[in-house]
Amino acid sequence: DMERVTGILQLYAAVAVWGCGDKLTKAEEIIRIHFRRMLQHKQDISCKNILPHLNQVANLTGSKENVYVTFFNTTEDNFFEEEMNRRGAHTRKLILHTCRMYLAVMCGDMESAAREYERNGAKYQGGIRFFGTTTRVFLAGIVGFYLARKRRLDEKKWAQVGEISMDTIKSWTQDSSWNYAHKLLLLEAECLFLKGEEHEHIAAAKYNESIALAKKHKFKNEEGLASQKAAMFHLEYNRKEEALSHLKHAKACYECWGA
C-alpha cells in the first residue's frame with residue numbers, strides 16, 4: 001500500500017527533523033532509500049508528496065542535489081506548489097510552506113521566514129496538535145517577535161502573533177514539558193527582548209534556560225536555535241564576547257545535528 005508508506009514516511013520526516021532533531025544524515029539516508037523505492041515502482045504522486053521534506057533535509061545537510069529537478073526540470077519549488085494547487089492538495093502545500101519557513105528560520109534568514117509567514121500567516125496558528133501544527137505555531141512565535149522588533153510601526157500586530165503562539169505553547173507545556181518547555185522559554189526570552197532594556201537580565205536568563213533544557217532533552221536543533229537567538233540578543237546590547245560564545249555554541253550544535 002504505497003499511499004500508507006508515503007504517509008508513514010512523511011510522518012517520519014516530520015518527527016525526525018521538526019519533532020526531535022534526529023541526526024540529519026540518518027534522516028536523509030532513510031528518506032532517500034524509500035524515495036528511490038517509490039521511484040522504482042513508478043509511484044510518481046507518492047514521490048512528489050515527499051519532495052518538500054527531502055529537499056528541506058538536503059538543504060540543511062548542504063547537499064548539492066536538488067530533488068525538484070527529478071519531476072519538474074527546475075531547482076525551484078514553485079512548480080510543485082502549482083501542481084498542488086491544481087490537485088487541490090492543500091495539506092501538501094501547507095507542508096511545503098512549513099518546510100520553507102523552517103529552513104529559513106534554522107538558517108537565520110529571518111527576512112525570508114517573515115515573507116513566508118506574511119504569505120500564509122493564518123495557517124500558522126491553531127489546528128490539531130501534531131508535528132506540523134506545533135512546528136508552525138512555534139515558528140510563528142519566533143517570526144512574530146522578530147518582526148515586532150524590526151517593524152516598529154506594526155509592533156503591536158506582530159507582538160500579538162508572537163504572544164498567541166507563546167500562549168498556545170504554554171498550554172501544551174502543561175501536558176508535555178519535555179517537548180515544549182524549552183520552546184516556551186525561548187519565546188518568553190524573545191518577548192522580553194522586544195520589551196527592552198528593563199527586561200534584559202531576565203531575557204538573558206530565559207535564553208540560557210532554553211539552551212540548557214533543549215540540551216537536557218536532546219533537542220540539538222533547538223539548542224542551536226536558542227543559542228543563535230541568544231547571540232543576536234547579546235549583539236543588540238554590544239556584548240560581543242557573549243554573542244560570539246553563543247554563535248560558536250550554535251555552530252557546534254548544528255554540526256552535531258548534521259547541518
# chains A, B, ... in the order shown; residues from 1 in each chain; ligands from 1
$ closest_atom_pairs --of "region 33-101 of chain A" --to "region 5-17 of chain A" --cutoff "7 Å" --atoms "only C-alpha atoms" --output "Markdown table"
| residue | atom | partner | partner_atom | distance |
| --- | --- | --- | --- | --- |
| A:Ser46 | CA | A:Thr6 | CA | 5.9 |
| A:Ile50 | CA | A:Gln10 | CA | 6.5 |
| A:His53 | CA | A:Ala13 | CA | 6.3 |
$ closest_atom_pairs --of "region 3-33 of chain A" --to "region 54-74 of chain A" --cutoff "10 Å" --atoms "only C-alpha atoms" --output "CSV"
residue,atom,partner,partner_atom,distance
A:Gln10,CA,A:Leu54,CA,9.6
A:Ala13,CA,A:Leu54,CA,8.1
A:Val17,CA,A:Val57,CA,7.8
A:Lys23,CA,A:Thr61,CA,10.0
A:Leu24,CA,A:Thr61,CA,6.7
A:Thr25,CA,A:Thr61,CA,7.0
A:Ala27,CA,A:Val57,CA,7.7
A:Glu28,CA,A:Val57,CA,6.1
A:Glu29,CA,A:Leu54,CA,9.8
A:Ile31,CA,A:Leu54,CA,6.7
A:Arg32,CA,A:Leu54,CA,7.4
$ write_last_selection --atoms "C-alpha atoms" --output "PDB file, in the first residue's frame"
ATOM      1  CA  GLN A  10       6.100  11.871   5.783  1.00  0.00           C
ATOM      2  CA  ALA A  13      10.384  13.085   8.171  1.00  0.00           C
ATOM      3  CA  VAL A  17      13.546  16.866  11.604  1.00  0.00           C
ATOM      4  CA  LYS A  23      20.600  13.213  13.057  1.00  0.00           C
ATOM      5  CA  LEU A  24      20.026  14.828   9.675  1.00  0.00           C
ATOM      6  CA  THR A  25      22.345  12.443   7.836  1.00  0.00           C
ATOM      7  CA  ALA A  27      17.051  11.112   8.277  1.00  0.00           C
ATOM      8  CA  GLU A  28      18.253  11.951   4.765  1.00  0.00           C
ATOM      9  CA  GLU A  29      19.500   8.417   4.178  1.00  0.00           C
ATOM     10  CA  ILE A  31      14.059   9.234   3.257  1.00  0.00           C
ATOM     11  CA  ARG A  32      16.204   8.780   0.144  1.00  0.00           C
TER      12      ARG A  32
END
$ atom_distance --atom1 "CA of Leu235 (chain A)" --atom2 "CA of Arg115 (chain A)"
23.9 Å
$ residues_around --residues "Ala226 (chain A)" --least-positions-apart "6" --cutoff "7 Å" --atoms "only C-alpha atoms" --output "list of chain:residue names"
A:Leu186, A:Tyr207, A:Ser210, A:Ile211
$ write_last_selection --atoms "C-alpha atoms" --output "compact mmCIF listing (two decimals), in the first residue's frame"
# COMPACT_ATOMS: atom_id res chain seq x y z
CA LEU A 186 12.82 30.75 24.04
CA TYR A 207 17.78 32.22 26.77
CA SER A 210 16.09 27.37 27.00
CA ILE A 211 19.53 26.29 25.79
$ select_by_dssp --residues "region 56-152 of chain A" --states "helix (DSSP H, G or I)" --output "PyMOL selection string"
chain A and resi 56-61+69-72+78-87+90-106+110-124+131-150+152
$ closest_atom_pairs --of "region 54-126 of chain A" --to "region 136-149 of chain A" --cutoff "12 Å" --atoms "only C-alpha atoms" --output "CSV"
residue,atom,partner,partner_atom,distance
A:Leu94,CA,A:Arg136,CA,9.7
A:Ile95,CA,A:Arg136,CA,9.7
A:Leu96,CA,A:Arg136,CA,11.6
A:His97,CA,A:Arg136,CA,9.3
A:Thr98,CA,A:Arg136,CA,6.4
A:Cys99,CA,A:Arg136,CA,9.5
A:Arg100,CA,A:Arg136,CA,10.9
A:Met101,CA,A:Leu139,CA,7.5
A:Tyr102,CA,A:Leu139,CA,7.1
A:Leu103,CA,A:Leu139,CA,10.5
A:Ala104,CA,A:Leu139,CA,10.0
A:Val105,CA,A:Leu139,CA,7.6
A:Met106,CA,A:Leu139,CA,9.9
A:Gly108,CA,A:Val143,CA,10.9
A:Asp109,CA,A:Val143,CA,10.5
A:Met110,CA,A:Val143,CA,7.1
A:Glu111,CA,A:Leu147,CA,8.8
A:Ser112,CA,A:Val143,CA,10.0
A:Ala113,CA,A:Val143,CA,6.9
A:Ala114,CA,A:Val143,CA,6.0
A:Arg115,CA,A:Val143,CA,9.7
A:Glu116,CA,A:Val143,CA,9.8
A:Tyr117,CA,A:Ala140,CA,7.2
A:Glu118,CA,A:Val143,CA,9.9
A:Asn120,CA,A:Ala140,CA,10.3
A:Gly121,CA,A:Ala140,CA,7.9
A:Ala122,CA,A:Ala140,CA,9.8
A:Lys123,CA,A:Arg136,CA,8.1
A:Tyr124,CA,A:Arg136,CA,5.0
A:Gln125,CA,A:Val137,CA,5.5
A:Gly126,CA,A:Val137,CA,7.2
$ atom_distance --atom1 "CA of Ile202 (chain A)" --atom2 "CA of Ala189 (chain A)"
7.7 Å
$ residues_around --residues "Ala212 (chain A)" --least-positions-apart "4" --cutoff "10 Å" --atoms "only C-alpha atoms" --output "list in words"
His182, Lys206, Tyr207, Asn208, Lys216, His217, Lys218, Glu223, Ala226 and Ser227 of chain A
$ atom_distance --atom1 "CA of Gly224 (chain A)" --atom2 "CA of His249 (chain A)"
7.0 Å
$ closest_residue --among "A:Lys215, A:Arg239, A:Arg4, A:Lys195" --to "Met38 (chain A)" --atoms "only C-alpha atoms"
A:Arg4
